[in-house]
Amino acid sequence: MHYLDNAATTPVLPVAAEAAVRTMCEGYGNPSSLHRKGLDAARLLEESRKTVASALGVLPEETYFTSCGTESTNISLRGAARLHRHKKGHIITTAIEHAATLQTVRELEQDGFRVTLLAPDAGGHITPEALADALTEDTVLLSCQLANNELGTVQPVAELGALLKAKAPEALFHIDAVQGLARVPLAPKKWKCDLMSVSGHKIGAPKGVGALYIRKGLRLPPMATGGGQERGISPGTEPLPNIAAFAEACRQRMAAFDENYAHVQALAAYLREQAEQKLPYAVFNVESDIPHVQSIAVDGCKSEVMLRILSDEGVYVSAGSACSKGKQSGVLAAIGLPRTRSDCTLRVSFSPENSREDVDAFIAAVQKGAKMLRR
Ligand code: PLP
């Protein structure tokens with residue numbers, strides 16, 4: 001089995017699974033209970049918060065647990081919009097965001113906000129010039145990804161944040177760092193970022209846990225009501241097994257950050273070298289900035305069919321992104337790829353657990369598929 005779809009989700013790291021099981025079976029108290037089990041659970045919750053905050057480069061009191069990246073982004077965007085619900089205003093995001101952002105701003109547009117989608121350049125980057133042209137004095141929110149889930153390109157968030165705050169100092173800056181956590185050193189303070197979304201299942205934690213950074217001093221109106229957990233930002237009894245697992249995954253990934261990065265970088269270089277030698281009909285769509293995500297078009301081979309052939313060979317990748325499910329990828333269209341190319345695109349995404357054997361299996365399976373499909 002060769003799992004090369006780590007931008008979709010990752011296997012749970014053993015340390016994270018152990019932490020989850022330990023918490024389920026022994027540390028199962030409710031952090032709000034006042035007896036010993038509850039106090040132990042509350043302590044574990046706060047220790048986990050410290051660990052995740054440190055991976056995010058922020059303070060524990062600025063770190064809120066949520067159920068996933070999508071929830072973090074919804075809380076950020078809808079909360080920011082609620083702060084401006086009377087005068088509305090202008091929201092800027094990009095054409096290559098995840099659906100969590102795009103669908104949310106579409107709704108906010110229907111509520112009366114003006115929305116601008118910045119187009120990327122052909123290399124998959126949002127330029128500071130594009131933002132400068134779009135900014136207006138009534139801009140209330142900029143939401144931009146850190147790393148793109150289909151291309152692996154990293155946006156110049158420090159420059160974008162500086163431009164935003166110079167022109168519209170009251171505007172909030174949200175960063176979707178779901179694909180950036182443990183892959184790019186996170187520095188939201190340096191980037192003048194107010195809100196940042198991350199997700200556990202992209203870094204070896206179970207599904208069902210995410211986190212949201214909210215800059216100290218920013219009071220975001222909560223989107224849900226309940227028992228006031230997570231200071232009202234994500235109310236409901238905390239999923240402590242997932243949270244403890246997320247903290248363990250952060251601890252392990254951050255401790256081995258440089259080593260893991262170098263390993264994935266070497267794998268990506270090997271993939272490119274092997275593809276150049278053995279797949280003359282394939283082309284990489286862009287130069288990715290993080291090696292973890294590679295977008296490769298195999299000429300003449302529809303990705304949906306190729307995916308099935310690869311799957312039969314035990315090689316698992318995505319067509320574009322896992323969320324696009326057969327629809328043309330908006331990201332590949334936004335960078336100007338013709339449909340003939342985007343329809344033949346595969347996304348290979350690595351984790352530090354992958355090896356050269358996984359790349360060899362991918363190349364061999366694509367060769368086999370191309371032989372069948374390119375007649
Ligand atoms: N943002 C990006 C860039 C993603 O890649 C994803 C997941 O694919 C999300 C947001 C949504 O995260 P989650 O699956 O935790 O809701």
# chains A, B, ... in the order shown; residues from 1 in each chain; ligands from 1
>>> residues_around(residues="Pro169 of chain A", least_positions_apart="2", cutoff="12 Å", atoms="only C-alpha atoms", output="ChimeraX atom specification")
/A:135-142,161-167,171-173,192-194
>>> write_last_selection(atoms="all heavy atoms", output="compact mmCIF listing (two decimals), in the first residue's frame")
# COMPACT_ATOMS: atom_id res chain seq x y z
N LEU A 135 -7.74 46.52 -2.51
CA LEU A 135 -8.02 47.10 -1.18
C LEU A 135 -8.79 48.42 -1.29
O LEU A 135 -8.49 49.26 -2.14
CB LEU A 135 -6.70 47.38 -0.46
CG LEU A 135 -6.10 46.25 0.36
CD1 LEU A 135 -4.71 46.64 0.85
CD2 LEU A 135 -7.00 45.91 1.54
N THR A 136 -9.76 48.57 -0.40
CA THR A 136 -10.47 49.84 -0.33
C THR A 136 -10.53 50.24 1.15
O THR A 136 -10.22 49.42 2.03
CB THR A 136 -11.92 49.70 -0.86
OG1 THR A 136 -12.55 48.61 -0.18
CG2 THR A 136 -11.96 49.45 -2.36
N GLU A 137 -10.91 51.47 1.39
CA GLU A 137 -10.94 51.89 2.80
C GLU A 137 -12.01 51.16 3.62
O GLU A 137 -11.91 51.09 4.83
CB GLU A 137 -11.12 53.40 2.90
CG GLU A 137 -9.74 54.05 3.01
CD GLU A 137 -9.69 55.44 2.50
OE1 GLU A 137 -10.73 56.13 2.53
OE2 GLU A 137 -8.59 55.85 2.04
N ASP A 138 -13.01 50.62 2.92
CA ASP A 138 -14.04 49.89 3.68
C ASP A 138 -13.80 48.38 3.70
O ASP A 138 -14.68 47.60 4.05
CB ASP A 138 -15.45 50.23 3.18
CG ASP A 138 -15.75 49.61 1.81
OD1 ASP A 138 -14.79 49.35 1.05
OD2 ASP A 138 -16.94 49.37 1.51
N THR A 139 -12.57 47.96 3.35
CA THR A 139 -12.25 46.53 3.46
C THR A 139 -12.28 46.16 4.95
O THR A 139 -11.62 46.80 5.77
CB THR A 139 -10.86 46.22 2.86
OG1 THR A 139 -10.88 46.58 1.48
CG2 THR A 139 -10.52 44.74 2.99
N VAL A 140 -13.07 45.13 5.26
CA VAL A 140 -13.20 44.73 6.67
C VAL A 140 -12.51 43.40 6.96
O VAL A 140 -12.25 43.08 8.12
CB VAL A 140 -14.69 44.65 7.11
CG1 VAL A 140 -15.31 46.03 7.11
CG2 VAL A 140 -15.49 43.67 6.26
N LEU A 141 -12.21 42.64 5.90
CA LEU A 141 -11.64 41.31 6.13
C LEU A 141 -10.85 40.86 4.91
O LEU A 141 -11.32 41.00 3.78
CB LEU A 141 -12.79 40.31 6.39
CG LEU A 141 -12.44 38.83 6.48
CD1 LEU A 141 -11.60 38.53 7.71
CD2 LEU A 141 -13.72 37.97 6.52
N LEU A 142 -9.67 40.29 5.19
CA LEU A 142 -8.92 39.58 4.15
C LEU A 142 -8.74 38.15 4.65
O LEU A 142 -8.28 37.94 5.77
CB LEU A 142 -7.54 40.23 3.94
CG LEU A 142 -6.53 39.41 3.12
CD1 LEU A 142 -6.98 39.22 1.67
CD2 LEU A 142 -5.14 40.06 3.15
N GLY A 161 -0.33 40.97 4.78
CA GLY A 161 -0.77 41.49 6.08
C GLY A 161 -0.35 42.95 6.25
O GLY A 161 -1.14 43.79 6.71
N ALA A 162 0.89 43.26 5.85
CA ALA A 162 1.40 44.64 6.01
C ALA A 162 0.59 45.59 5.13
O ALA A 162 0.21 46.69 5.57
CB ALA A 162 2.88 44.68 5.65
N LEU A 163 0.32 45.16 3.90
CA LEU A 163 -0.45 46.02 2.98
C LEU A 163 -1.86 46.28 3.51
O LEU A 163 -2.35 47.41 3.49
CB LEU A 163 -0.61 45.29 1.64
CG LEU A 163 0.35 45.61 0.53
CD1 LEU A 163 0.11 44.64 -0.63
CD2 LEU A 163 0.16 47.05 0.07
N LEU A 164 -2.48 45.20 4.00
CA LEU A 164 -3.85 45.31 4.51
C LEU A 164 -3.91 46.32 5.65
O LEU A 164 -4.76 47.22 5.65
CB LEU A 164 -4.33 43.93 5.01
CG LEU A 164 -5.71 43.92 5.67
CD1 LEU A 164 -6.81 44.08 4.62
CD2 LEU A 164 -5.94 42.64 6.47
N LYS A 165 -3.00 46.16 6.61
CA LYS A 165 -3.08 47.01 7.80
C LYS A 165 -2.70 48.45 7.49
O LYS A 165 -3.13 49.37 8.18
CB LYS A 165 -2.19 46.44 8.91
CG LYS A 165 -2.60 45.05 9.35
CD LYS A 165 -3.92 45.03 10.13
CE LYS A 165 -4.36 43.61 10.40
NZ LYS A 165 -5.43 43.45 11.35
N ALA A 166 -1.89 48.66 6.43
CA ALA A 166 -1.53 50.04 6.06
C ALA A 166 -2.74 50.75 5.47
O ALA A 166 -3.01 51.91 5.77
CB ALA A 166 -0.37 50.04 5.07
N LYS A 167 -3.49 50.04 4.64
CA LYS A 167 -4.59 50.69 3.93
C LYS A 167 -5.90 50.66 4.74
O LYS A 167 -6.68 51.62 4.71
CB LYS A 167 -4.79 49.97 2.59
CG LYS A 167 -5.93 50.47 1.75
CD LYS A 167 -5.49 51.53 0.77
CE LYS A 167 -6.66 52.12 0.01
NZ LYS A 167 -6.38 52.43 -1.35
N ALA A 171 -9.28 46.45 9.45
CA ALA A 171 -9.68 45.18 8.82
C ALA A 171 -9.01 44.01 9.52
O ALA A 171 -7.90 44.12 10.04
CB ALA A 171 -9.28 45.20 7.35
N LEU A 172 -9.68 42.87 9.52
CA LEU A 172 -9.12 41.66 10.14
C LEU A 172 -8.46 40.80 9.05
O LEU A 172 -8.92 40.75 7.91
CB LEU A 172 -10.21 40.87 10.85
CG LEU A 172 -10.85 41.57 12.05
CD1 LEU A 172 -11.95 40.70 12.66
CD2 LEU A 172 -9.81 41.93 13.11
N PHE A 173 -7.39 40.12 9.46
CA PHE A 173 -6.66 39.26 8.54
C PHE A 173 -6.78 37.82 9.04
O PHE A 173 -6.29 37.49 10.12
CB PHE A 173 -5.19 39.70 8.49
CG PHE A 173 -4.33 38.96 7.50
CD1 PHE A 173 -4.88 38.27 6.41
CD2 PHE A 173 -2.94 38.98 7.61
CE1 PHE A 173 -4.09 37.61 5.49
CE2 PHE A 173 -2.13 38.32 6.69
CZ PHE A 173 -2.70 37.63 5.64
N LYS A 192 0.97 39.98 10.97
CA LYS A 192 -0.16 40.88 11.33
C LYS A 192 -1.51 40.18 11.17
O LYS A 192 -2.50 40.76 10.73
CB LYS A 192 -0.12 42.17 10.50
CG LYS A 192 1.16 42.99 10.68
CD LYS A 192 1.01 44.35 10.07
CE LYS A 192 2.30 45.14 10.02
NZ LYS A 192 3.02 45.27 11.28
N CYS A 193 -1.48 38.90 11.51
CA CYS A 193 -2.67 38.05 11.35
C CYS A 193 -3.50 38.10 12.64
O CYS A 193 -2.95 38.05 13.74
CB CYS A 193 -2.17 36.65 11.04
SG CYS A 193 -3.38 35.37 11.17
N ASP A 194 -4.81 38.19 12.49
CA ASP A 194 -5.71 38.25 13.64
C ASP A 194 -6.33 36.90 13.95
O ASP A 194 -6.71 36.62 15.09
CB ASP A 194 -6.85 39.23 13.36
CG ASP A 194 -6.32 40.61 13.00
OD1 ASP A 194 -5.84 41.29 13.91
OD2 ASP A 194 -6.36 40.98 11.81
>>> residues_around(residues="segment 59-63 of chain A", least_positions_apart="5", cutoff="7 Å", atoms="only C-alpha atoms", output="number ranges by chain")
A: 49-50, 53, 211-216
>>> write_last_selection(atoms="N, CA, C and O atoms", output="compact mmCIF listing (two decimals), in the first residue's frame")
# COMPACT_ATOMS: atom_id res chain seq x y z
N ARG A 49 -3.37 22.69 25.17
CA ARG A 49 -3.49 24.02 24.58
C ARG A 49 -2.10 24.67 24.45
O ARG A 49 -1.77 25.28 23.44
N LYS A 50 -1.29 24.49 25.51
CA LYS A 50 0.06 25.09 25.47
C LYS A 50 0.87 24.50 24.31
O LYS A 50 1.57 25.22 23.60
N ALA A 53 -0.54 25.76 20.98
CA ALA A 53 -0.23 27.19 20.84
C ALA A 53 1.22 27.37 20.41
O ALA A 53 1.53 28.21 19.55
N ALA A 211 -7.96 23.84 15.46
CA ALA A 211 -7.71 24.94 16.40
C ALA A 211 -7.84 26.25 15.66
O ALA A 211 -7.76 26.31 14.42
N LEU A 212 -8.08 27.27 16.46
CA LEU A 212 -8.23 28.62 15.91
C LEU A 212 -7.43 29.57 16.79
O LEU A 212 -7.57 29.55 18.02
N TYR A 213 -6.57 30.36 16.14
CA TYR A 213 -5.88 31.44 16.85
C TYR A 213 -6.73 32.68 16.72
O TYR A 213 -7.15 33.05 15.62
N ILE A 214 -7.00 33.31 17.86
CA ILE A 214 -7.67 34.62 17.84
C ILE A 214 -6.75 35.58 18.59
O ILE A 214 -6.43 35.34 19.77
N ARG A 215 -6.29 36.60 17.90
CA ARG A 215 -5.35 37.55 18.50
C ARG A 215 -5.90 38.11 19.81
O ARG A 215 -7.09 38.44 19.90
N LYS A 216 -4.99 38.16 20.80
CA LYS A 216 -5.38 38.67 22.11
C LYS A 216 -5.99 40.07 21.96
O LYS A 216 -5.46 40.89 21.21
>>> residues_around(residues="segment 225-237 of chain A", least_positions_apart="3", cutoff="9 Å", atoms="only C-alpha atoms", output="list of chain:residue names")
A:Asn30, A:Pro31, A:Ser32, A:Thr63, A:Tyr64, A:Phe65, A:Thr66, A:Ser67, A:Glu71, A:Ser72, A:Ile75, A:Leu220, A:Pro221, A:Pro222, A:Leu240
>>> write_last_selection(atoms="all heavy atoms", output="compact mmCIF listing (two decimals), in the first residue's frame")
# COMPACT_ATOMS: atom_id res chain seq x y z
N ASN A 30 -14.89 15.05 32.54
CA ASN A 30 -15.33 16.26 31.82
C ASN A 30 -14.56 17.44 32.41
O ASN A 30 -14.60 17.66 33.63
CB ASN A 30 -16.84 16.43 32.05
CG ASN A 30 -17.41 17.60 31.27
OD1 ASN A 30 -16.74 18.61 31.07
ND2 ASN A 30 -18.64 17.45 30.82
N PRO A 31 -13.84 18.21 31.58
CA PRO A 31 -13.02 19.30 32.13
C PRO A 31 -13.82 20.30 32.97
O PRO A 31 -13.24 21.06 33.73
CB PRO A 31 -12.42 19.97 30.88
CG PRO A 31 -12.48 18.94 29.81
CD PRO A 31 -13.68 18.07 30.13
N SER A 32 -15.15 20.29 32.85
CA SER A 32 -15.95 21.23 33.65
C SER A 32 -16.34 20.65 35.01
O SER A 32 -16.87 21.38 35.87
CB SER A 32 -17.24 21.61 32.90
OG SER A 32 -16.92 22.24 31.69
N THR A 63 -5.45 30.52 21.81
CA THR A 63 -5.66 29.26 21.07
C THR A 63 -6.96 28.60 21.54
O THR A 63 -7.13 28.33 22.72
CB THR A 63 -4.47 28.31 21.34
OG1 THR A 63 -3.28 29.03 21.01
CG2 THR A 63 -4.55 27.05 20.52
N TYR A 64 -7.85 28.34 20.60
CA TYR A 64 -9.16 27.76 20.89
C TYR A 64 -9.27 26.44 20.14
O TYR A 64 -8.91 26.38 18.96
CB TYR A 64 -10.27 28.70 20.42
CG TYR A 64 -10.26 30.04 21.13
CD1 TYR A 64 -9.33 31.02 20.77
CD2 TYR A 64 -11.13 30.32 22.16
CE1 TYR A 64 -9.28 32.24 21.43
CE2 TYR A 64 -11.10 31.53 22.83
CZ TYR A 64 -10.17 32.50 22.46
OH TYR A 64 -10.13 33.69 23.12
N PHE A 65 -9.78 25.42 20.80
CA PHE A 65 -9.99 24.14 20.11
C PHE A 65 -11.35 24.16 19.41
O PHE A 65 -12.34 24.66 19.96
CB PHE A 65 -9.89 22.97 21.08
CG PHE A 65 -8.48 22.72 21.52
CD1 PHE A 65 -8.07 22.97 22.83
CD2 PHE A 65 -7.53 22.28 20.61
CE1 PHE A 65 -6.76 22.77 23.22
CE2 PHE A 65 -6.21 22.08 20.98
CZ PHE A 65 -5.83 22.32 22.30
N THR A 66 -11.37 23.62 18.21
CA THR A 66 -12.60 23.51 17.42
C THR A 66 -12.68 22.06 16.92
O THR A 66 -11.84 21.24 17.29
CB THR A 66 -12.55 24.45 16.20
OG1 THR A 66 -11.46 24.02 15.35
CG2 THR A 66 -12.34 25.91 16.60
N SER A 67 -13.66 21.79 16.04
CA SER A 67 -13.78 20.40 15.58
C SER A 67 -12.99 20.15 14.30
O SER A 67 -12.75 19.00 13.95
CB SER A 67 -15.25 20.05 15.36
OG SER A 67 -15.77 20.83 14.33
N GLU A 71 -14.55 24.47 10.66
CA GLU A 71 -15.22 25.20 11.74
C GLU A 71 -14.41 26.44 12.14
O GLU A 71 -14.98 27.52 12.34
CB GLU A 71 -15.47 24.30 12.97
CG GLU A 71 -16.37 24.98 13.99
CD GLU A 71 -16.41 24.34 15.38
OE1 GLU A 71 -15.78 23.29 15.59
OE2 GLU A 71 -17.05 24.94 16.24
N SER A 72 -13.10 26.30 12.23
CA SER A 72 -12.26 27.45 12.59
C SER A 72 -12.47 28.60 11.60
O SER A 72 -12.57 29.77 11.99
CB SER A 72 -10.78 27.06 12.60
OG SER A 72 -10.53 26.08 13.57
N ILE A 75 -16.00 30.18 11.98
CA ILE A 75 -16.07 31.05 13.17
C ILE A 75 -15.38 32.38 12.85
O ILE A 75 -15.88 33.46 13.18
CB ILE A 75 -15.40 30.36 14.38
CG1 ILE A 75 -16.20 29.14 14.82
CG2 ILE A 75 -15.23 31.34 15.54
CD1 ILE A 75 -15.49 28.26 15.85
N LEU A 220 -14.31 38.18 19.33
CA LEU A 220 -15.08 37.70 18.19
C LEU A 220 -16.44 37.20 18.68
O LEU A 220 -16.50 36.41 19.62
CB LEU A 220 -14.30 36.54 17.55
CG LEU A 220 -14.50 36.31 16.07
CD1 LEU A 220 -14.07 37.53 15.27
CD2 LEU A 220 -13.71 35.10 15.63
N PRO A 221 -17.54 37.64 18.06
CA PRO A 221 -18.83 37.13 18.52
C PRO A 221 -18.94 35.63 18.24
O PRO A 221 -18.65 35.19 17.13
CB PRO A 221 -19.86 37.91 17.68
CG PRO A 221 -19.10 38.83 16.81
CD PRO A 221 -17.64 38.55 16.92
N PRO A 222 -19.32 34.83 19.23
CA PRO A 222 -19.43 33.38 19.01
C PRO A 222 -20.55 33.05 18.03
O PRO A 222 -21.52 33.79 17.91
CB PRO A 222 -19.77 32.82 20.38
CG PRO A 222 -19.67 33.94 21.35
CD PRO A 222 -19.69 35.22 20.60
N LEU A 240 -11.80 15.79 24.39
CA LEU A 240 -10.46 15.71 24.98
C LEU A 240 -9.56 14.62 24.37
O LEU A 240 -8.37 14.87 24.17
CB LEU A 240 -10.57 15.58 26.50
CG LEU A 240 -9.31 15.92 27.29
CD1 LEU A 240 -8.75 17.28 26.95
CD2 LEU A 240 -9.60 15.82 28.79
>>> residues_around(residues="segment 4-7 of chain A", least_positions_apart="5", cutoff="7 Å", atoms="only C-alpha atoms", output="CSV table (one decimal) with N, CA and C atoms, in the first residue's frame")
chain,number,residue,atom,x,y,z
A,149,ASN,N,-3.7,23.7,-1.0
A,149,ASN,CA,-3.9,22.3,-0.9
A,149,ASN,C,-3.8,21.5,-2.2
A,202,LYS,N,-4.6,16.7,9.4
A,202,LYS,CA,-3.6,16.9,8.3
A,202,LYS,C,-2.2,16.6,8.8
A,316,TYR,N,-2.4,5.4,-3.7
A,316,TYR,CA,-3.5,6.3,-3.4
A,316,TYR,C,-3.1,7.8,-3.6
A,317,VAL,N,-3.7,8.4,-4.5
A,317,VAL,CA,-3.5,9.9,-4.7
A,317,VAL,C,-4.8,10.5,-5.0
A,318,SER,N,-4.8,11.8,-5.2
A,318,SER,CA,-6.1,12.5,-5.5
A,318,SER,C,-6.0,13.1,-6.9
A,348,VAL,N,-0.1,14.5,-5.8
A,348,VAL,CA,0.6,13.6,-4.9
A,348,VAL,C,1.0,14.4,-3.7
A,349,SER,N,0.6,13.9,-2.5
A,349,SER,CA,1.0,14.6,-1.3
A,349,SER,C,1.6,13.7,-0.3
A,350,PHE,N,2.8,14.2,0.2
A,350,PHE,CA,3.6,13.4,1.0
A,350,PHE,C,3.5,13.6,2.5
A,351,SER,N,3.8,12.6,3.3
A,351,SER,CA,4.0,12.8,4.8
A,351,SER,C,5.4,12.4,5.0
>>> residues_near_ligand(ligand="ligand 1", cutoff="7 Å", atoms="only C-alpha atoms and all ligand atoms", output="PyMOL selection string")
chain A and resi 7-8+68-71+97-98+100+145+147-149+176-179+199-201+210+323
>>> write_last_selection(atoms="N, CA and C atoms", output="PDB file, in the first residue's frame")
ATOM      1  N   ALA A   7      -2.447  15.301   1.811  1.00  0.00           N
ATOM      2  CA  ALA A   7      -3.097  16.615   1.904  1.00  0.00           C
ATOM      3  C   ALA A   7      -4.599  16.429   2.138  1.00  0.00           C
ATOM      4  N   ALA A   8      -5.117  15.235   1.814  1.00  0.00           N
ATOM      5  CA  ALA A   8      -6.535  14.950   2.082  1.00  0.00           C
ATOM      6  C   ALA A   8      -6.710  14.618   3.559  1.00  0.00           C
ATOM      7  N   CYS A  68     -12.624  21.193  13.567  1.00  0.00           N
ATOM      8  CA  CYS A  68     -11.886  21.003  12.310  1.00  0.00           C
ATOM      9  C   CYS A  68     -11.488  22.355  11.735  1.00  0.00           C
ATOM     10  N   GLY A  69     -10.737  22.312  10.632  1.00  0.00           N
ATOM     11  CA  GLY A  69     -10.330  23.553   9.970  1.00  0.00           C
ATOM     12  C   GLY A  69     -11.535  24.324   9.454  1.00  0.00           C
ATOM     13  N   THR A  70     -12.514  23.600   8.939  1.00  0.00           N
ATOM     14  CA  THR A  70     -13.712  24.250   8.389  1.00  0.00           C
ATOM     15  C   THR A  70     -14.432  25.048   9.476  1.00  0.00           C
ATOM     16  N   GLU A  71     -14.548  24.472  10.665  1.00  0.00           N
ATOM     17  CA  GLU A  71     -15.221  25.200  11.741  1.00  0.00           C
ATOM     18  C   GLU A  71     -14.414  26.437  12.141  1.00  0.00           C
ATOM     19  N   GLU A  97      -8.982  29.499  -2.683  1.00  0.00           N
ATOM     20  CA  GLU A  97      -9.218  29.054  -1.303  1.00  0.00           C
ATOM     21  C   GLU A  97      -9.964  27.722  -1.280  1.00  0.00           C
ATOM     22  N   HIS A  98      -9.926  27.095  -0.134  1.00  0.00           N
ATOM     23  CA  HIS A  98     -10.717  25.891   0.136  1.00  0.00           C
ATOM     24  C   HIS A  98     -12.195  26.285   0.211  1.00  0.00           C
ATOM     25  N   ALA A 100     -14.247  25.823   2.440  1.00  0.00           N
ATOM     26  CA  ALA A 100     -14.610  26.352   3.768  1.00  0.00           C
ATOM     27  C   ALA A 100     -14.644  27.883   3.718  1.00  0.00           C
ATOM     28  N   GLN A 145      -5.128  31.848   2.195  1.00  0.00           N
ATOM     29  CA  GLN A 145      -4.444  30.632   2.600  1.00  0.00           C
ATOM     30  C   GLN A 145      -2.964  30.874   2.846  1.00  0.00           C
ATOM     31  N   ALA A 147      -0.671  27.789   2.688  1.00  0.00           N
ATOM     32  CA  ALA A 147      -0.217  26.850   1.645  1.00  0.00           C
ATOM     33  C   ALA A 147      -1.439  26.316   0.910  1.00  0.00           C
ATOM     34  N   ASN A 148      -1.326  26.253  -0.398  1.00  0.00           N
ATOM     35  CA  ASN A 148      -2.460  25.773  -1.186  1.00  0.00           C
ATOM     36  C   ASN A 148      -2.522  24.248  -1.191  1.00  0.00           C
ATOM     37  N   ASN A 149      -3.742  23.716  -1.040  1.00  0.00           N
ATOM     38  CA  ASN A 149      -3.919  22.273  -0.909  1.00  0.00           C
ATOM     39  C   ASN A 149      -3.772  21.512  -2.216  1.00  0.00           C
ATOM     40  N   ASP A 176      -5.860  30.788   6.475  1.00  0.00           N
ATOM     41  CA  ASP A 176      -6.155  29.363   6.509  1.00  0.00           C
ATOM     42  C   ASP A 176      -4.806  28.640   6.423  1.00  0.00           C
ATOM     43  N   ALA A 177      -4.342  28.195   7.587  1.00  0.00           N
ATOM     44  CA  ALA A 177      -3.017  27.550   7.635  1.00  0.00           C
ATOM     45  C   ALA A 177      -3.153  26.027   7.751  1.00  0.00           C
ATOM     46  N   VAL A 178      -4.310  25.493   7.292  1.00  0.00           N
ATOM     47  CA  VAL A 178      -4.565  24.059   7.442  1.00  0.00           C
ATOM     48  C   VAL A 178      -3.454  23.223   6.779  1.00  0.00           C
ATOM     49  N   GLN A 179      -3.013  23.648   5.595  1.00  0.00           N
ATOM     50  CA  GLN A 179      -1.950  22.873   4.923  1.00  0.00           C
ATOM     51  C   GLN A 179      -0.555  23.367   5.307  1.00  0.00           C
ATOM     52  N   SER A 199      -5.908  22.389  11.402  1.00  0.00           N
ATOM     53  CA  SER A 199      -6.701  21.165  11.552  1.00  0.00           C
ATOM     54  C   SER A 199      -5.798  20.013  11.983  1.00  0.00           C
ATOM     55  N   GLY A 200      -6.313  19.158  12.860  1.00  0.00           N
ATOM     56  CA  GLY A 200      -5.494  18.060  13.381  1.00  0.00           C
ATOM     57  C   GLY A 200      -5.229  16.943  12.381  1.00  0.00           C
ATOM     58  N   HIS A 201      -6.256  16.610  11.576  1.00  0.00           N
ATOM     59  CA  HIS A 201      -6.123  15.377  10.777  1.00  0.00           C
ATOM     60  C   HIS A 201      -5.157  15.502   9.603  1.00  0.00           C
ATOM     61  N   GLY A 210      -9.657  20.644  15.542  1.00  0.00           N
ATOM     62  CA  GLY A 210      -8.913  21.711  14.872  1.00  0.00           C
ATOM     63  C   GLY A 210      -8.582  22.750  15.909  1.00  0.00           C
ATOM     64  N   CYS A 323     -11.519  17.086  -2.226  1.00  0.00           N
ATOM     65  CA  CYS A 323     -12.850  17.680  -2.064  1.00  0.00           C
ATOM     66  C   CYS A 323     -13.522  17.963  -3.398  1.00  0.00           C
TER      67      CYS A 323
END
